[in-house]
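So this block is run28.cif, mmCIF, C-alpha atoms:
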data_start
loop_
_atom_site.label_atom_id
_atom_site.label_comp_id
_atom_site.auth_asym_id
_atom_site.auth_seq_id
_atom_site.Cartn_x
_atom_site.Cartn_y
_atom_site.Cartn_z
CA MET A 424 137.48 102.99 52.83
CA ASN A 425 136.09 100.46 50.38
CA TYR A 426 133.39 102.43 48.58
CA THR A 427 133.68 103.19 44.87
CA VAL A 428 131.70 105.72 42.83
CA ALA A 429 131.87 105.72 39.01
CA ILE A 430 130.91 108.73 36.87
CA VAL A 431 129.23 107.68 33.62
CA GLY A 432 127.61 109.60 30.79
CA ARG A 433 127.80 110.22 27.08
CA PRO A 434 130.74 112.22 25.67
CA ASN A 435 131.20 115.90 26.41
CA VAL A 436 128.71 116.31 29.27
CA GLY A 437 131.46 117.45 31.67
CA LYS A 438 132.34 114.23 33.52
CA SER A 439 136.04 115.07 33.78
CA THR A 440 135.37 118.62 35.00
CA PHE A 441 133.03 117.20 37.65
CA PHE A 442 135.67 114.58 38.56
CA ASN A 443 138.31 117.31 38.99
CA ARG A 444 135.91 119.40 41.08
CA LEU A 445 135.19 116.52 43.49
CA LEU A 446 138.90 115.76 43.87
CA GLU A 447 139.74 119.47 44.17
CA GLN A 448 142.56 119.08 41.68
CA ARG A 449 143.05 119.19 37.92
CA LYS A 450 143.79 115.54 37.26
CA ALA A 451 141.68 114.64 34.23
CA ILE A 452 142.28 116.45 30.94
CA VAL A 453 139.31 118.63 30.01
CA ASP A 454 138.47 119.67 26.44
CA ASP A 455 135.42 120.54 24.35
CA ILE A 456 136.27 117.76 21.91
CA SER A 457 134.47 114.44 22.49
CA GLY A 458 136.59 111.47 23.44
CA VAL A 459 139.42 113.26 25.27
CA THR A 460 139.20 110.94 28.30
CA ARG A 461 140.82 107.80 26.92
CA ASP A 462 142.31 106.47 30.16
CA ARG A 463 140.29 105.86 33.28
CA GLN A 464 141.16 108.43 35.89
CA TYR A 465 140.77 107.58 39.54
CA GLY A 466 141.31 109.33 42.83
CA ILE A 467 140.18 109.69 46.42
CA ALA A 468 137.41 112.09 47.44
CA ASP A 469 136.69 113.26 51.01
CA TRP A 470 133.42 114.71 52.25
CA ASN A 471 131.97 115.11 55.75
CA GLY A 472 134.46 112.66 57.22
CA LYS A 473 133.67 110.01 54.61
CA THR A 474 136.23 108.92 52.03
CA PHE A 475 135.52 107.11 48.79
CA ASN A 476 137.17 106.09 45.51
CA LEU A 477 136.11 108.08 42.46
CA ILE A 478 136.44 106.85 38.88
CA ASP A 479 136.02 108.99 35.76
CA THR A 480 135.09 106.76 32.83
CA GLY A 481 136.31 107.50 29.34
CA GLY A 482 138.10 105.63 26.59
CA PHE A 483 135.80 106.69 23.78
CA VAL A 484 136.84 106.26 20.16
CA PRO A 485 135.60 109.27 18.16
CA ASP A 486 135.13 107.56 14.80
CA SER A 487 131.39 107.14 14.55
CA GLU A 488 128.26 107.44 16.65
CA ASP A 489 127.84 103.67 16.67
CA ILE A 490 131.29 103.13 18.19
CA PHE A 491 130.53 105.80 20.79
CA GLU A 492 127.33 104.09 21.81
CA ARG A 493 128.92 100.65 22.06
CA GLU A 494 131.85 101.92 24.15
CA ILE A 495 129.63 103.90 26.52
CA ARG A 496 127.27 100.97 27.07
CA LYS A 497 130.26 98.78 27.96
CA GLN A 498 131.44 101.31 30.52
CA VAL A 499 127.99 101.62 32.09
CA LYS A 500 127.80 97.83 32.42
CA ILE A 501 131.25 97.67 34.02
CA ALA A 502 130.32 100.47 36.44
CA MET A 503 127.07 98.67 37.28
CA ASP A 504 129.03 95.48 37.99
CA GLU A 505 131.90 96.90 39.98
CA ALA A 506 131.09 100.27 41.59
CA ASN A 507 129.04 100.73 44.77
CA ALA A 508 127.26 103.78 43.36
CA ILE A 509 126.94 105.48 39.96
CA VAL A 510 126.79 109.16 39.05
CA PHE A 511 124.90 109.44 35.73
CA MET A 512 125.77 112.80 34.17
CA VAL A 513 123.69 114.61 31.55
CA ASP A 514 123.93 118.04 29.93
CA VAL A 515 121.19 120.66 30.34
CA ALA A 516 122.44 122.55 27.25
CA THR A 517 121.60 119.68 24.89
CA GLY A 518 118.68 118.17 26.80
CA ILE A 519 117.74 114.48 26.77
CA THR A 520 119.32 112.57 23.89
CA THR A 521 118.61 109.05 22.62
CA LEU A 522 121.97 107.99 24.10
CA ASP A 523 120.92 109.29 27.54
CA GLU A 524 117.69 107.30 27.27
CA SER A 525 119.60 104.20 26.18
CA MET A 526 121.93 104.48 29.18
CA MET A 527 118.96 105.06 31.46
CA GLU A 528 117.44 101.76 30.35
CA LEU A 529 120.62 100.02 31.50
CA LEU A 530 120.84 101.90 34.79
CA ARG A 531 117.27 101.03 35.74
CA ARG A 532 118.49 97.45 36.22
CA ALA A 533 121.22 98.52 38.65
CA SER A 534 120.74 97.27 42.19
CA LYS A 535 122.79 100.15 43.59
CA PRO A 536 122.32 103.90 44.06
CA VAL A 537 122.24 105.96 40.85
CA TYR A 538 122.46 109.77 41.07
CA LEU A 539 121.23 111.77 38.08
CA VAL A 540 123.43 114.87 37.85
CA VAL A 541 122.41 117.58 35.38
CA ASN A 542 125.52 119.57 34.48
CA LYS A 543 126.05 123.12 33.18
CA VAL A 544 123.13 124.54 35.22
CA ASP A 545 124.63 127.97 35.88
CA ASN A 546 121.57 130.27 35.85
CA SER A 547 117.87 130.27 36.81
CA GLU A 548 116.73 129.72 33.22
CA ARG A 549 118.75 126.52 32.95
CA GLN A 550 117.48 125.49 36.40
CA LEU A 551 113.98 125.55 34.94
CA THR A 552 115.07 123.71 31.78
CA ALA A 553 116.66 120.95 33.88
CA THR A 554 113.24 119.82 35.13
CA GLU A 555 112.75 117.95 31.82
CA PHE A 556 115.18 115.32 33.14
CA TYR A 557 112.57 114.18 35.66
CA SER A 558 111.03 112.36 32.67
CA LEU A 559 113.92 109.85 32.93
CA GLY A 560 112.19 108.50 36.03
CA PHE A 561 114.26 109.84 38.93
CA ASP A 562 112.68 111.18 42.12
CA THR A 563 115.65 113.49 42.66
CA ILE A 564 117.87 115.26 40.18
CA TYR A 565 121.00 117.20 41.14
CA CYS A 566 121.63 120.44 39.23
CA VAL A 567 125.30 121.37 39.20
CA SER A 568 127.83 123.52 37.42
CA SER A 569 131.08 121.57 37.41
CA ILE A 570 133.08 124.62 36.36
CA SER A 571 131.93 126.84 39.25
CA GLY A 572 131.27 124.01 41.72
CA SER A 573 127.68 125.05 42.51
CA GLY A 574 125.46 122.14 43.50
CA THR A 575 128.28 119.62 43.95
CA GLY A 576 127.88 119.69 47.74
CA GLU A 577 124.36 118.25 47.47
CA VAL A 578 125.65 115.35 45.34
CA LEU A 579 128.45 114.67 47.82
CA ASP A 580 126.00 114.80 50.74
CA ALA A 581 123.82 112.18 49.06
CA ILE A 582 126.80 109.90 48.31
CA ALA A 583 128.28 110.27 51.81
CA GLU A 584 124.94 109.38 53.38
CA LYS A 585 125.05 105.95 51.70
CA ILE A 586 128.62 105.12 52.70
CA PRO A 587 128.49 102.70 55.64
CA ALA A 588 130.49 103.38 58.77
CA PRO A 589 133.66 101.23 59.00
CA GLU A 590 133.32 97.99 60.92
CA THR A 591 135.31 97.98 64.13
CA GLU A 592 134.81 94.33 65.05
CA GLU A 593 138.20 92.59 65.13
CA THR A 594 138.04 88.99 63.93
CA GLU A 595 140.92 86.54 63.95
CA GLU A 596 141.30 86.95 60.17
CA ALA A 597 141.16 90.76 60.43
CA ALA A 598 144.17 90.66 62.74
CA LEU A 599 146.31 88.90 60.12
CA PRO A 600 148.50 90.90 57.70
CA LYS A 601 146.80 91.43 54.33
CA PHE A 602 148.84 91.62 51.15
CA ALA A 603 147.26 92.66 47.86
CA ILE A 604 148.82 91.62 44.56
CA ILE A 605 148.14 94.54 42.22
CA GLY A 606 149.20 95.61 38.76
CA GLN A 607 148.09 95.71 35.16
CA PRO A 608 146.61 92.73 33.32
CA ASN A 609 149.03 90.06 32.07
CA VAL A 610 151.98 91.02 34.28
CA GLY A 611 151.85 87.67 36.09
CA LYS A 612 149.72 88.32 39.19
CA SER A 613 147.98 84.92 39.07
CA SER A 614 151.25 83.13 38.37
CA LEU A 615 152.79 84.86 41.37
CA LEU A 616 149.91 83.81 43.64
CA ASN A 617 150.20 80.19 42.47
CA ALA A 618 153.97 80.23 42.95
CA MET A 619 153.64 81.70 46.46
CA ILE A 620 151.16 79.10 47.69
CA GLY A 621 153.04 76.32 45.84
CA GLN A 622 152.06 72.67 45.92
CA GLU A 623 150.97 72.68 49.57
CA ARG A 624 147.55 73.85 48.53
CA THR A 625 145.77 71.71 51.11
CA ILE A 626 147.06 74.04 53.82
CA VAL A 627 145.48 77.10 52.21
CA SER A 628 141.80 77.87 51.79
CA ASP A 629 140.17 80.05 49.15
CA ILE A 630 137.52 82.39 50.50
CA ALA A 631 135.43 84.32 47.99
CA GLY A 632 135.89 88.04 48.57
CA THR A 633 133.21 90.69 48.80
CA THR A 634 133.91 91.84 45.24
CA ARG A 635 133.56 89.46 42.32
CA ASP A 636 136.84 87.87 41.26
CA THR A 637 138.78 89.16 44.25
CA ILE A 638 140.03 86.05 46.05
CA HIS A 639 141.28 85.97 49.62
CA THR A 640 143.77 83.15 50.19
CA HIS A 641 144.74 82.23 53.75
CA TYR A 642 148.47 81.38 53.76
CA LYS A 643 149.82 79.36 56.68
CA LEU A 644 153.18 77.75 55.91
CA PHE A 645 156.73 77.83 57.33
CA GLN A 646 155.64 79.64 60.54
CA LYS A 647 154.19 82.48 58.48
CA GLU A 648 150.52 83.40 58.30
CA PHE A 649 148.75 86.11 56.31
CA ILE A 650 145.93 86.81 53.85
CA LEU A 651 146.76 87.17 50.14
CA ILE A 652 144.32 89.27 48.10
CA ASP A 653 144.48 88.48 44.40
CA THR A 654 142.74 90.69 41.82
CA ALA A 655 143.85 88.83 38.72
CA GLY A 656 140.83 86.60 38.10
CA LEU A 657 139.10 88.42 35.25
CA ARG A 658 136.20 86.34 33.99
CA LYS A 659 135.33 88.50 31.00
CA LYS A 660 138.01 87.00 28.78
CA GLU A 661 136.07 87.78 25.62
CA LYS A 662 136.31 91.48 26.40
CA GLU A 663 138.81 93.71 24.69
CA LYS A 664 142.01 94.68 26.47
CA ASP A 665 140.61 98.17 27.11
CA ASP A 666 137.75 96.78 29.16
CA LEU A 667 140.04 94.39 31.05
CA GLU A 668 142.10 97.37 32.17
CA PHE A 669 138.98 99.12 33.46
CA TYR A 670 137.99 96.02 35.44
CA SER A 671 141.53 95.68 36.78
CA VAL A 672 141.65 99.33 37.87
CA ILE A 673 138.44 99.06 39.93
CA ARG A 674 139.48 95.77 41.49
CA ALA A 675 143.00 96.96 42.25
CA ILE A 676 141.56 100.01 44.02
CA ARG A 677 139.21 97.88 46.11
CA ALA A 678 141.97 95.40 46.94
CA MET A 679 144.16 98.31 48.08
CA ASP A 680 141.46 99.43 50.50
CA GLU A 681 141.55 96.06 52.26
CA ALA A 682 145.32 95.56 52.23
CA ASP A 683 148.08 96.51 54.64
CA VAL A 684 150.78 96.06 52.02
CA CYS A 685 150.46 96.26 48.22
CA LEU A 686 152.72 94.12 46.05
CA LEU A 687 152.90 96.02 42.76
CA VAL A 688 153.81 93.61 39.96
CA ILE A 689 155.55 95.11 36.90
CA ASP A 690 156.42 93.40 33.63
CA ALA A 691 160.24 93.43 33.33
CA VAL A 692 160.10 93.42 29.53
CA LYS A 693 157.54 96.23 29.12
CA GLY A 694 158.97 98.35 31.93
CA VAL A 695 157.14 100.94 34.04
CA THR A 696 154.09 102.46 32.35
CA ALA A 697 151.97 105.50 33.28
CA GLN A 698 149.32 103.11 34.61
CA ASP A 699 151.88 101.52 36.98
CA VAL A 700 152.83 104.98 38.27
CA ASN A 701 149.12 105.80 38.78
CA ILE A 702 148.55 102.62 40.79
CA PHE A 703 151.71 103.22 42.85
CA SER A 704 150.70 106.83 43.58
CA LEU A 705 147.22 105.80 44.66
CA ALA A 706 148.57 103.12 47.02
CA THR A 707 150.88 105.65 48.67
CA ARG A 708 148.09 108.25 48.95
CA LYS A 709 146.00 105.61 50.70
CA GLY A 710 148.91 105.13 53.12
CA LYS A 711 149.56 101.51 52.18
CA GLY A 712 152.89 99.78 52.56
CA ILE A 713 154.31 98.96 49.13
CA ALA A 714 156.91 96.73 47.52
CA VAL A 715 157.65 96.60 43.78
CA LEU A 716 158.08 93.18 42.16
CA VAL A 717 159.66 93.16 38.69
CA ASN A 718 158.29 89.94 37.23
CA LYS A 719 159.49 87.98 34.15
CA TRP A 720 163.08 88.89 35.00
CA ASP A 721 164.15 85.63 33.32
CA LEU A 722 163.02 87.12 29.97
CA ALA A 723 164.85 90.44 30.32
CA GLU A 724 168.14 90.98 28.50
CA LYS A 725 170.92 91.35 31.05
CA SER A 726 174.46 92.64 31.27
CA THR A 727 176.64 93.90 34.13
CA ASN A 728 174.65 96.07 36.58
CA THR A 729 171.37 95.58 34.67
CA ALA A 730 169.34 95.12 37.88
CA ARG A 731 170.97 98.13 39.55
CA ASP A 732 170.35 100.40 36.55
CA TYR A 733 166.80 99.07 36.12
CA GLU A 734 165.98 99.76 39.78
CA LYS A 735 167.43 103.26 39.58
CA ALA A 736 165.36 104.10 36.49
CA LEU A 737 162.25 102.55 38.05
CA LEU A 738 162.51 104.54 41.29
CA THR A 739 163.04 107.74 39.29
CA LYS A 740 159.56 107.19 37.80
CA PHE A 741 158.10 106.79 41.31
CA ALA A 742 159.80 109.91 42.75
CA PRO A 743 159.56 111.59 45.22
CA PHE A 744 158.74 108.44 47.23
CA THR A 745 161.80 106.34 46.44
CA ASP A 746 162.37 104.47 49.74
CA VAL A 747 160.66 101.42 48.27
CA PRO A 748 162.05 97.87 48.16
CA VAL A 749 162.38 96.44 44.64
CA LEU A 750 162.68 92.71 44.00
CA PHE A 751 163.43 91.04 40.67
CA ILE A 752 161.47 87.80 40.37
CA SER A 753 160.18 85.20 37.96
CA ALA A 754 156.84 83.71 38.99
CA LYS A 755 157.13 81.13 36.20
CA GLU A 756 160.61 79.95 37.29
CA LYS A 757 159.74 80.51 40.99
CA THR A 758 162.81 82.75 41.36
CA ARG A 759 162.95 84.64 44.72
CA ILE A 760 159.33 83.74 45.51
CA PHE A 761 159.95 83.10 49.20
CA LYS A 762 161.85 86.40 49.34
CA VAL A 763 158.60 88.10 48.24
CA ILE A 764 156.87 86.79 51.37
CA GLU A 765 159.73 87.90 53.61
CA LEU A 766 159.75 91.33 51.98
CA ALA A 767 155.98 91.79 52.36
CA LEU A 768 156.16 90.83 56.05
CA GLU A 769 159.11 93.19 56.56
CA VAL A 770 157.20 96.15 55.03
CA TYR A 771 154.19 95.19 57.19
CA GLN A 772 156.34 95.30 60.34
CA ASN A 773 157.81 98.65 59.24
CA LYS A 774 154.31 100.05 58.85
CA LYS A 775 153.08 98.73 62.20
CA GLN A 776 156.07 99.72 64.33
CA LYS A 777 155.69 102.21 67.16
CA ILE A 778 158.86 104.17 67.86
CA ALA A 779 159.49 105.13 71.48
CA THR A 780 159.15 108.87 72.03
CA SER A 781 162.46 109.05 73.91
CA LYS A 782 164.35 107.37 71.04
CA LEU A 783 162.55 109.54 68.48
CA ASN A 784 163.57 112.73 70.30
CA ASP A 785 167.17 111.57 70.80
CA VAL A 786 167.59 111.04 67.06
CA MET A 787 165.46 113.79 65.55
CA LEU A 788 166.48 116.65 67.88
CA LYS A 789 170.12 115.90 67.01
CA ALA A 790 169.16 116.06 63.32
CA VAL A 791 167.47 119.41 63.94
CA GLU A 792 170.59 120.71 65.72
CA SER A 793 172.74 119.61 62.77
CA TYR A 794 170.58 121.49 60.28
CA HIS A 795 168.25 124.18 61.62
CA ALA A 796 165.08 125.25 59.85
CA PRO A 797 165.60 128.47 57.84
CA VAL A 798 164.93 131.77 59.63
CA VAL A 799 161.50 133.19 58.69
CA ARG A 800 160.81 136.97 58.85
CA GLY A 801 163.69 137.35 61.29
CA HIS A 802 162.32 134.63 63.59
CA SER A 803 164.33 131.56 64.48
CA VAL A 804 162.22 128.40 63.98
CA LYS A 805 162.79 125.96 66.84
CA ILE A 806 161.58 122.36 66.99
CA LYS A 807 161.36 121.33 70.64
CA TYR A 808 159.68 117.94 70.68
CA VAL A 809 158.57 115.11 68.37
CA THR A 810 156.20 112.20 68.88
CA GLN A 811 154.60 109.47 66.79
CA LEU A 812 150.83 109.78 66.43
CA PRO A 813 148.52 106.79 67.05
CA THR A 814 147.46 106.42 63.41
CA GLU A 815 147.26 103.60 60.85
CA VAL A 816 149.82 105.33 58.59
CA PRO A 817 153.09 106.17 60.42
CA SER A 818 152.66 109.85 61.30
CA PHE A 819 154.90 112.16 63.29
CA ALA A 820 154.11 115.47 65.00
CA PHE A 821 156.88 118.03 65.41
CA PHE A 822 156.12 120.71 68.00
CA THR A 823 157.54 124.11 67.05
CA ASN A 824 157.08 127.81 67.68
CA TYR A 825 156.22 128.61 64.02
CA PRO A 826 154.44 125.54 62.55
CA ASP A 827 153.07 127.39 59.51
CA ASP A 828 156.46 128.68 58.44
CA ILE A 829 158.23 125.37 57.84
CA LYS A 830 158.51 124.81 54.09
CA GLN A 831 158.63 121.66 51.97
CA PRO A 832 162.45 121.38 51.68
CA TYR A 833 162.84 121.18 55.48
CA ARG A 834 159.90 118.76 55.70
CA ASN A 835 161.76 116.57 53.16
CA TYR A 836 164.92 116.79 55.27
CA LEU A 837 163.06 115.59 58.38
CA GLU A 838 161.46 112.72 56.44
CA ASN A 839 164.86 111.67 55.08
CA GLN A 840 166.27 111.69 58.62
CA LEU A 841 163.40 109.53 59.87
CA ARG A 842 163.99 107.06 57.04
CA GLU A 843 167.74 107.04 57.62
CA HIS A 844 167.49 106.22 61.34
CA PHE A 845 164.38 104.05 61.51
CA LYS A 846 163.19 101.11 59.42
CA LEU A 847 160.50 102.71 57.24
CA SER A 848 161.31 101.24 53.84
CA GLY A 849 158.19 100.76 51.71
CA VAL A 850 156.07 102.86 54.05
CA PRO A 851 154.62 106.29 53.23
CA ILE A 852 154.87 108.58 56.26
CA ARG A 853 153.05 111.75 57.25
CA ILE A 854 154.66 114.73 59.01
CA PHE A 855 152.70 117.39 60.91
CA PHE A 856 153.89 120.59 62.58
CA ARG A 857 152.06 121.77 65.69
CA LYS A 858 152.27 124.84 67.85
CA LYS A 859 154.29 124.46 71.03
#
Output the file's structure as structure tokens, nothing else.
Amino acid sequence: MNYTVAIVGRPNVGKSTFFNRLLEQRKAIVDDISGVTRDRQYGIADWNGKTFNLIDTGGFVPDSEDIFEREIRKQVKIAMDEANAIVFMVDVATGITTLDESMMELLRRASKPVYLVVNKVDNSERQLTATEFYSLGFDTIYCVSSISGSGTGEVLDAIAEKIPAPETEETEEAALPKFAIIGQPNVGKSSLLNAMIGQERTIVSDIAGTTRDTIHTHYKLFQKEFILIDTAGLRKKEKEKDDLEFYSVIRAIRAMDEADVCLLVIDAVKGVTAQDVNIFSLATRKGKGIAVLVNKWDLAEKSTNTARDYEKALLTKFAPFTDVPVLFISAKEKTRIFKVIELALEVYQNKKQKIATSKLNDVMLKAVESYHAPVVRGHSVKIKYVTQLPTEVPSFAFFTNYPDDIKQPYRNYLENQLREHFKLSGVPIRIFFRKK
């Protein structure tokens, strides 16, 4: 999955409601007041076997119409630069506005698919009214009601049709581990990359990535070889911090798609922010291996047990997935830089390991005997067999007589047992129950 769709439109047309509908969850805050979406929301949408990244743009400053217009135009330009496809949302209740026309002028220059989605079409009268949007120059318009969900399937069909099938050709480079350095702007991602490749730069080669400013660096030193994906090279330095964060979000998402392991860099002085938690959650949902690097540790005030307490507080923010390695580094001072490489390779091996079925059953059936699943409706739940599935993300199938009756607490127990007995640190795992 390396396909990104951005939803753009003027304030209050229902972008966040549409975003929530496509993700089938209430993630973005929805309100009738303009400018509620200040942070960029992002998630993963699935349709007809195709998966893609979805970004809900926002960040409007409700002070004056001029500021609105400037902010929206910036977001459209960023979406045009970075996304693979754009959903342009308008509102049938207000009709075509000058701001819609202004955005349309920008979108006409886009060399990528643009889908005109007319929102709030919830009756036949509004269906007829929506035809006025053909004057914006689109051959097809999609009439939807984000609240009820009607019409969203047609939009998803059109998007899924454009998503290319994944390439299966295995090149020599594709076989190498891929590590993505991700995180917010100014946490030290570029400094970390430079520290990792060191002075022996003649041995590494920079290959321009498929997305602008994503650099693939081939590392081959000290009997270790892998691809480093850096997302830190933001060219638009004249842009405001707000825009830089939007660029960084899109690029971090696309880097995640390519990577086996994500190295999440956090600023030791600023601590863990909501954006860091969002990026971490997305990486785990995508099934990527992950290690957390607390950078600028040389600048943090320290006393006895500072690192231990810091790590404990950090993992609390990332709960429930807390089996994640944390490393305190300084890219500037080159502290523990080689340990970063060892840690990334270790998480990669954890993610790629295949556990023998006999060993898996020896361990897990003993764990089941030690703590049986709760009795459901008078029935004793019995797990008879377990095997690892042949998937990219470590996944385990437990065969039982009542697969639908095993609740989350027991699922958590089984996951904890797997983590306790097998090396799965930094790796999200999936557990399935099947009928035996």
request  = Enumerate, as a list in words, the residues matched when the PyMOL selection byres ((chain A and resi 751-756) around 8) is run on the file above.
outcome  = Gly611, Ser614, Leu615, Ala618, Leu716, Val717, Asn718, Lys719, Trp720, Asp721, Ala730, Val749, Leu750, Lys757, Thr758, Arg759 and Ile760 of chain A
Mind telling me what the PyMOL selection byres ((chain A and resi 519) around 12) catches here, as a PDB file with C-alpha atoms, in the frame of the given file?
ATOM      1  CA  GLY A 432     127.610 109.600  30.790  1.00  0.00           C
ATOM      2  CA  ARG A 433     127.800 110.220  27.080  1.00  0.00           C
ATOM      3  CA  VAL A 436     128.710 116.310  29.270  1.00  0.00           C
ATOM      4  CA  MET A 512     125.770 112.800  34.170  1.00  0.00           C
ATOM      5  CA  VAL A 513     123.690 114.610  31.550  1.00  0.00           C
ATOM      6  CA  ASP A 514     123.930 118.040  29.930  1.00  0.00           C
ATOM      7  CA  VAL A 515     121.190 120.660  30.340  1.00  0.00           C
ATOM      8  CA  ALA A 516     122.440 122.550  27.250  1.00  0.00           C
ATOM      9  CA  THR A 517     121.600 119.680  24.890  1.00  0.00           C
ATOM     10  CA  GLY A 518     118.680 118.170  26.800  1.00  0.00           C
ATOM     11  CA  THR A 520     119.320 112.570  23.890  1.00  0.00           C
ATOM     12  CA  THR A 521     118.610 109.050  22.620  1.00  0.00           C
ATOM     13  CA  LEU A 522     121.970 107.990  24.100  1.00  0.00           C
ATOM     14  CA  ASP A 523     120.920 109.290  27.540  1.00  0.00           C
ATOM     15  CA  GLU A 524     117.690 107.300  27.270  1.00  0.00           C
ATOM     16  CA  SER A 525     119.600 104.200  26.180  1.00  0.00           C
ATOM     17  CA  MET A 526     121.930 104.480  29.180  1.00  0.00           C
ATOM     18  CA  MET A 527     118.960 105.060  31.460  1.00  0.00           C
ATOM     19  CA  VAL A 541     122.410 117.580  35.380  1.00  0.00           C
ATOM     20  CA  THR A 552     115.070 123.710  31.780  1.00  0.00           C
ATOM     21  CA  ALA A 553     116.660 120.950  33.880  1.00  0.00           C
ATOM     22  CA  THR A 554     113.240 119.820  35.130  1.00  0.00           C
ATOM     23  CA  GLU A 555     112.750 117.950  31.820  1.00  0.00           C
ATOM     24  CA  PHE A 556     115.180 115.320  33.140  1.00  0.00           C
ATOM     25  CA  TYR A 557     112.570 114.180  35.660  1.00  0.00           C
ATOM     26  CA  SER A 558     111.030 112.360  32.670  1.00  0.00           C
ATOM     27  CA  LEU A 559     113.920 109.850  32.930  1.00  0.00           C
TER      28      LEU A 559
END
inquiry  = Counting all atoms listed in the file, which residue out of A:Asp732, A:Asp469, A:Asp653, A:Asp746 sits closest to Arg677 (chain A)?
reply    =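 Ranked by minimum distance to Arg677 (chain A), first place goes to A:Asp653.
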key: Point-to-point distance in Å for CA of Arg532 (chain A) and CA of Val428 (chain A)   =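 Distance reported for this atom pair: 16.9 Å.
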ask   = If you apply the PyMOL selection byres ((chain A and resi 857) around 7) to this file, what residues do you get, as a list of chain:residue names?
value =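 Selection result, ordered by chain and number: A:Ala820, A:Phe821, A:Phe822, A:Thr823, A:Pro826, A:Phe855, A:Phe856, A:Lys858, A:Lys859.
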message = So the first atom is CA of Ile702 (chain A) and the second is CA of Ser726 (chain A); what is the distance between them in Å, to one decimal place?
response =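 Between these atoms lies a distance of 29.4 Å.
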query = Which value, in Å to one decimal, gives the distance between CA of Lys709 (chain A) and CA of Val809 (chain A)?
reply =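 One can read the CA of Lys709 (chain A) to CA of Val809 (chain A) distance as 23.7 Å.
By all atoms listed in the file, and with residues fewer than 2 positions from Glu648 (chain A) along its chain excluded, the set lying at most 12 Å from it is Glu595, Glu596, Ala598, Leu599, Pro600, Lys601, Phe602, Ile620, Ile626, Val627, Thr640, His641, Tyr642, Lys643, Leu644, Phe645, Gln646, Ile650, Leu651, Ile764, Glu765, Ala767 and Leu768 of chain A.
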Convert the current residue selection to file output with C-alpha atoms, as a JSON list (two decimals), in the coordinates of the input.
[["chain", "number", "residue", "atom", "x", "y", "z"],
["A", 595, "GLU", "CA", 140.92, 86.54, 63.95],
["A", 596, "GLU", "CA", 141.30, 86.95, 60.17],
["A", 598, "ALA", "CA", 144.17, 90.66, 62.74],
["A", 599, "LEU", "CA", 146.31, 88.90, 60.12],
["A", 600, "PRO", "CA", 148.50, 90.90, 57.70],
["A", 601, "LYS", "CA", 146.80, 91.43, 54.33],
["A", 602, "PHE", "CA", 148.84, 91.62, 51.15],
["A", 620, "ILE", "CA", 151.16, 79.10, 47.69],
["A", 626, "ILE", "CA", 147.06, 74.04, 53.82],
["A", 627, "VAL", "CA", 145.48, 77.10, 52.21],
["A", 640, "THR", "CA", 143.77, 83.15, 50.19],
["A", 641, "HIS", "CA", 144.74, 82.23, 53.75],
["A", 642, "TYR", "CA", 148.47, 81.38, 53.76],
["A", 643, "LYS", "CA", 149.82, 79.36, 56.68],
["A", 644, "LEU", "CA", 153.18, 77.75, 55.91],
["A", 645, "PHE", "CA", 156.73, 77.83, 57.33],
["A", 646, "GLN", "CA", 155.64, 79.64, 60.54],
["A", 650, "ILE", "CA", 145.93, 86.81, 53.85],
["A", 651, "LEU", "CA", 146.76, 87.17, 50.14],
["A", 764, "ILE", "CA", 156.87, 86.79, 51.37],
["A", 765, "GLU", "CA", 159.73, 87.90, 53.61],
["A", 767, "ALA", "CA", 155.98, 91.79, 52.36],
["A", 768, "LEU", "CA", 156.16, 90.83, 56.05]]
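Between Phe511 (chain A) and the residues A:Ala429, A:Ile586, A:Leu446, A:Ile467, the shortest atom-to-atom distance, using all atoms listed in the file, involves A:Ala429.
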request  = Compare A:Tyr465, A:Tyr565, A:Gly560, A:Met619 by their minimum atom-to-atom distance to Phe649 (chain A), counting only C-alpha atoms, and give me the closest one.
outcome  =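 That would be A:Met619, the residue with the smallest distance to Phe649 (chain A).
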Quick one: residues within 6 Å of Phe475 (chain A), all atoms listed in the file, excluding same-chain residues fewer than 5 positions away - as a compact mmCIF listing (two decimals) with C-alpha atoms, keeping the file's coordinate frame?
# COMPACT_ATOMS: atom_id res chain seq x y z
CA TYR A 426 133.39 102.43 48.58
CA THR A 427 133.68 103.19 44.87
CA ILE A 467 140.18 109.69 46.42
CA ALA A 468 137.41 112.09 47.44
inquiry  = Please list as an NGL selection string every residue within 12 Å of region 778-791 of chain A, counting all atoms listed in the file and excluding residues in the same chain fewer than 5 positions away.
reply    = :A and (772-773 or 796-797 or 804-813 or 817-823 or 833-834 or 836-847)
Do you know which residues are at most 9 Å from Leu445 (chain A) counting all atoms listed in the file, after dropping those on the same chain fewer than 2 positions away, and could you put them as a CSV table (one decimal) with C-alpha atoms, keeping the file's coordinate frame?
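Everything below was put into out-v9.csv:
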chain,number,residue,atom,x,y,z
A,440,THR,CA,135.4,118.6,35.0
A,441,PHE,CA,133.0,117.2,37.6
A,442,PHE,CA,135.7,114.6,38.6
A,443,ASN,CA,138.3,117.3,39.0
A,447,GLU,CA,139.7,119.5,44.2
A,448,GLN,CA,142.6,119.1,41.7
A,467,ILE,CA,140.2,109.7,46.4
A,468,ALA,CA,137.4,112.1,47.4
A,469,ASP,CA,136.7,113.3,51.0
A,477,LEU,CA,136.1,108.1,42.5
A,569,SER,CA,131.1,121.6,37.4
A,572,GLY,CA,131.3,124.0,41.7
A,575,THR,CA,128.3,119.6,44.0
A,579,LEU,CA,128.4,114.7,47.8
